[in-house]
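Contents: one structure, followed by commentary.
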Amino acid sequence: MTGNDVRTHRPKRAPMRGRNHARRGRAMWGAGVALVALLSAAGVARAAPALMPYPASVRFDAGSLSIPEGVSVTWEGARTPMLERAVGRFRARLAALGGIPAPAADAPAATQLHIHVGADPAYLSVAAREGYRLTVDVHGIDLAADGPAGVLHGLATLLQLVRAGPQSPAIAFARIDDAPRFAWRGVMIDVARHFMTIETLKRQIDAMELVKLDVLHLHLSDGQGFRVESRVFPRLTTVASHGQYYTQEQIRDLVAYAADRGIRIVPEFDTPGHAFALLLAYPDLASQPPAPGDRHQVNVAAIDPTLEGSYRFLRRLYGEMGHLFPDPYFHAGGDEVSATQWTKNAAIAAFMRQNGFATPQQLQAAFTARIQKILHDQGKIMMGWDEITEAAIPGNVVIEAWRGSKFIASATRAGHPVVVSAGYYLDLLQPASEHYLVDPLDPQANGLTPELAEKLRPKLGAMVDALKLDPSATMSPAQDRLVMGGEAPLWTEVVTDEMLDARLWPRSAAIAERFWSPASVRDVPDMYRRLAVVQDELCVTGLQAQANRYRMAARLSPGNAGPVLTLADATSPIRHYGHNHPVSHGPNGPVVQQMNTPSDIAAPDSAGAERFNDLARRYVAGDRSVRPVLEAMLTRWRDNDAAFQAVSAGRPILEDARPASQELKALAQAGLDALAGRNGKDWRAVTGALLARQDQAVAASANMVVSHTVAQPPADLLQDITPGVRTLAGLD
């Protein structure tokens with residue numbers, strides 16, 4: 001093909017054994033191959049290169065550039081060892097995606113990649129020059145970048161244009177002019193609740209580079225642990241870490257690893273609340289005596305803000321930690337301080353009266369002002385969660401708005417720079433579509449409706465007032481300019497090291513697009529089309545999301561993980577902390593939640609279910625070509641139940657999921673009946689009741705009202721094919 005045919009693209013929207021087991025395995029593999037062929041035949045294959053984040057401006061030309069031996073790079077401008085290493089990673093990833101041998105560092109290739117890079121003294125800062133222009137045509141590849149960050153971003157986009165071919169990989173012809181909408185595009189990983197290894201964190205950094213995220217916010221201390229080696233206060237290591245911590249050498253290595261990929265690491269050491277581990281090591285600083293084993297104290301223990309010793313301690317601690325993390329931004333927490341930690345301490349209560357602090361919030365504001373001064377003296381810019389704005393604080397403190405979008409408006413109105421995390425909480429286990437439609441500049445995008453707030457008031461108390469939408473919240477252009485960008489937090493109460501890849505990805509890629517791309521890029525179906533491809537690319541280049549999910553399923557069903565994975569692939573875990581089960585007490589002592597269940601394997605977005613729901617819409621709209629695919633998918637889910645019942649026998653964790661498997665079977669059969677026209681009055685009544693039960697579980701989960709009045713769905717699993725079955729049944 002020539003490059004003359006120009007197209008533009010805008011996003012739219014009991015284990016079996018022996019020979020019988022082997023035969024079943026071959027049959028399942030064959031069914032999978034057949035299903036892939038049907039998907040291709042039905043036109044489900046990729047319609048255009050799956051770029052994510054979507055560029056500010058892009059044109060696809062017909063044709064592609066064959067690269068049988070990879071590419072050779074020629075340079076113009078500020079070439080550096082860091083950029084040489086970036087090109088080395090690019091060539092290795094190109095080989096992985098294209099299915100060709102990884103080239104030697106100096107191996108020549110016929111295809112030329114010409115890189116022109118400008119100097120940028122602000123590299124690795126919020127003022128970095130990140131724009132780039134990329135052209136792929138019959139003459140080769142040209143990448144012009146405003147600075148080193150632009151080179152990294154251009155190489156990431158170039159990888160997304162690569163497709164394996166029958167003879168050699170090829171790169172789609174394209175012309176791209178791109179730059180980010182926001183400078184701060186981050187994820188936050190909580191390593192205090194569950195410790196994550198350095199190797200696991202590095203995998204996330206590699207994936208972040210490929211979707212143009214540039215800030216890794218590490219939550220490094222909380223009630224459950226203090227995770228960085230301290231040589232100034234060694235008991236933080238010997239007592240507060242519980243043996244799980246990063247050495248200072250590991251931190252320096254991680255910071256350098258991230259910097260090489262254009263990513264800044266911002267540390268968070270939370271004070272004055274969430275300090276139980278710290279106070280266990282240094283109890284003289286506590287507002288209330290820390291009691292080992294007290295679960296309530298683990299969550300609420302707070303530093304005494306009236307002691308000069310508290311500030312001397314934090315000055316030395318933050319000074320030590322600040323040298324390990326060179327970024328100018330330093331997150332000091334400030335969230336969820338329990339007022340009773342202070343009001344029930346007689347000395348603190350007297351201090352408040354003597355110094356005119358009418359409320360604990362005013363006392364915390366004074367604490368925040370002193371911490372800001374400490375950090376400023378150490379060359380740092382303080383960040384804190386939005387609770388710290390409940391009383392007057394220094395105007396140069398960066399506010400992270402998390403309790404609702406209205407705090408974007410109130411904080412910027414007070415002159416604070418803002419990083420937005422409201423609407424992007426990955427631990428809520430919402431699908432990518434929920435996060436994708438939240439704009440960082442919209443003060444109405446995230447929050448509780450007044451009706452839902454009142455329904456939840458008995459459960460959440462006064463906190464609902466902070467979570468409620470504010471209909472009067474608005475933003476001016478001046479306030480918009482104070483929004484630095486956003487972060488996607490992942491708190492890890494129910495996330496282990498093994499689960500991290502799958503809980504962060506691919507949803508973080510969709511959120512990365514929201515932070516990078518123009519606000520007009522909002523088509524959810526097109527986002528999901530591209531997201532599936534990008535997730536596979538991330539796994540091909542190093543992410544272990546799929547490998548770890550398979551490992552977890554194989555552990556539950558050794559020798560026959562297929563039925564577990566098939567169930568997981570059509571379902572998602574219950575949302576809004578419905579899957580967070582408190583410690584219970586059994587006959588042999590406390591029973592801690594095990595994160596080794598089908599709901600821990602299931603992803604918040606089921607790619608298979610999303611594809612099925614889309615095909616169902618197409619079928620009802622008149623596209624009969626997709627019917628064989630729908631039948632194949634539904635048959636696979638229906639027939640999986642017999643296999644799941646067999647592998648779950650005698651395995652309590654899987655036996656708990658048997659009702660979920662039976663529900664999937666019933667839904668799949670209803671879909672097959674609808675396709676076959678078996679839809680009489682009795683069938684419609686039974687199917688309507690089946691769908692209503694699923695709707696109730698989803699609604700309760702979405703609204704955070706799962707309780708003794710609304711039963712948890714079996715095994716904490718939501719049936720994600722419900723919308724498609726309803727469409728086929730004509731019961732929308």
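Every chain in the structure tokens takes a letter, A first, then B, and so on in the order presented; its residues are numbered from 1, and the ligands are numbered from 1 following the presented order.
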
Hey, could you make a per-residue contact list for range 428-537 of chain A against range 218-232 of chain A with 10 Å as the cut-off, showing the nearest pair of atoms and its distance in Å to one decimal, counting only C-alpha atoms, sorted by chain and number, as CSV?
```
residue,atom,partner,partner_atom,distance
A:Pro489,CA,A:His219,CA,9.5
A:Leu490,CA,A:His219,CA,9.6
A:Trp491,CA,A:His219,CA,8.7
A:Glu493,CA,A:Gln224,CA,9.8
```

Would you write out those residues with all heavy atoms, as a PDB file, in the first residue's frame?
```
ATOM      1  N   PRO A 489      -4.843   6.501  43.262  1.00  0.00           N
ATOM      2  CA  PRO A 489      -4.349   5.804  44.456  1.00  0.00           C
ATOM      3  C   PRO A 489      -4.798   4.349  44.490  1.00  0.00           C
ATOM      4  O   PRO A 489      -5.909   4.006  44.098  1.00  0.00           O
ATOM      5  CB  PRO A 489      -4.977   6.577  45.632  1.00  0.00           C
ATOM      6  CG  PRO A 489      -5.536   7.836  45.025  1.00  0.00           C
ATOM      7  CD  PRO A 489      -5.880   7.475  43.616  1.00  0.00           C
ATOM      8  N   LEU A 490      -3.911   3.507  44.999  1.00  0.00           N
ATOM      9  CA  LEU A 490      -4.255   2.107  45.270  1.00  0.00           C
ATOM     10  C   LEU A 490      -3.855   1.798  46.702  1.00  0.00           C
ATOM     11  O   LEU A 490      -2.682   1.565  47.001  1.00  0.00           O
ATOM     12  CB  LEU A 490      -3.544   1.160  44.304  1.00  0.00           C
ATOM     13  CG  LEU A 490      -3.865  -0.334  44.518  1.00  0.00           C
ATOM     14  CD1 LEU A 490      -5.355  -0.599  44.297  1.00  0.00           C
ATOM     15  CD2 LEU A 490      -3.039  -1.208  43.597  1.00  0.00           C
ATOM     16  N   TRP A 491      -4.830   1.827  47.599  1.00  0.00           N
ATOM     17  CA  TRP A 491      -4.604   1.403  48.977  1.00  0.00           C
ATOM     18  C   TRP A 491      -4.661  -0.120  49.016  1.00  0.00           C
ATOM     19  O   TRP A 491      -5.457  -0.747  48.320  1.00  0.00           O
ATOM     20  CB  TRP A 491      -5.656   2.027  49.901  1.00  0.00           C
ATOM     21  CG  TRP A 491      -5.645   3.520  49.809  1.00  0.00           C
ATOM     22  CD1 TRP A 491      -6.460   4.301  49.063  1.00  0.00           C
ATOM     23  CD2 TRP A 491      -4.719   4.396  50.453  1.00  0.00           C
ATOM     24  NE1 TRP A 491      -6.115   5.625  49.210  1.00  0.00           N
ATOM     25  CE2 TRP A 491      -5.055   5.714  50.062  1.00  0.00           C
ATOM     26  CE3 TRP A 491      -3.648   4.214  51.336  1.00  0.00           C
ATOM     27  CZ2 TRP A 491      -4.356   6.836  50.511  1.00  0.00           C
ATOM     28  CZ3 TRP A 491      -2.960   5.314  51.783  1.00  0.00           C
ATOM     29  CH2 TRP A 491      -3.299   6.605  51.383  1.00  0.00           C
ATOM     30  N   GLU A 493      -5.099  -2.618  51.548  1.00  0.00           N
ATOM     31  CA  GLU A 493      -5.624  -3.508  52.582  1.00  0.00           C
ATOM     32  C   GLU A 493      -5.906  -4.907  52.040  1.00  0.00           C
ATOM     33  O   GLU A 493      -5.687  -5.899  52.734  1.00  0.00           O
ATOM     34  CB  GLU A 493      -6.906  -2.922  53.189  1.00  0.00           C
ATOM     35  CG  GLU A 493      -6.680  -1.748  54.125  1.00  0.00           C
ATOM     36  CD  GLU A 493      -6.725  -0.414  53.399  1.00  0.00           C
ATOM     37  OE1 GLU A 493      -6.604  -0.417  52.159  1.00  0.00           O
ATOM     38  OE2 GLU A 493      -6.877   0.621  54.074  1.00  0.00           O
TER      39      GLU A 493
END
```

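Contact shell of Leu210 in chain A at 9 Å (only C-alpha atoms; same-chain neighbours under 3 positions omitted): Leu152, His153, Leu155, Ala156, Thr157, Leu159, Gln160, Ile205, Asp206, Ala207, Leu213 and Leu538 of chain A.
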
Among range 14-230 of chain A, which residues does DSSP mark as strand (DSSP E or B) when it is run on the backbone? Keep the chain and numbering as in the structure and answer as number ranges by chain. A: 57-66, 68, 70-77, 111-117, 132-137, 140-145, 162-163, 170-178, 184-190, 215-219, 221-222, 225-226, 228

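Shortest separation to Ser606 in chain A among A:Gln297, A:Gln719, A:Gln364, A:Ser517 occurs at residue A:Gln719, atoms counted being only C-alpha atoms.
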
Taking only C-alpha atoms into account, which of A:Asp214, A:Ile198, A:Pro518, A:Thr359 comes nearest Val126 in chain A? A:Asp214
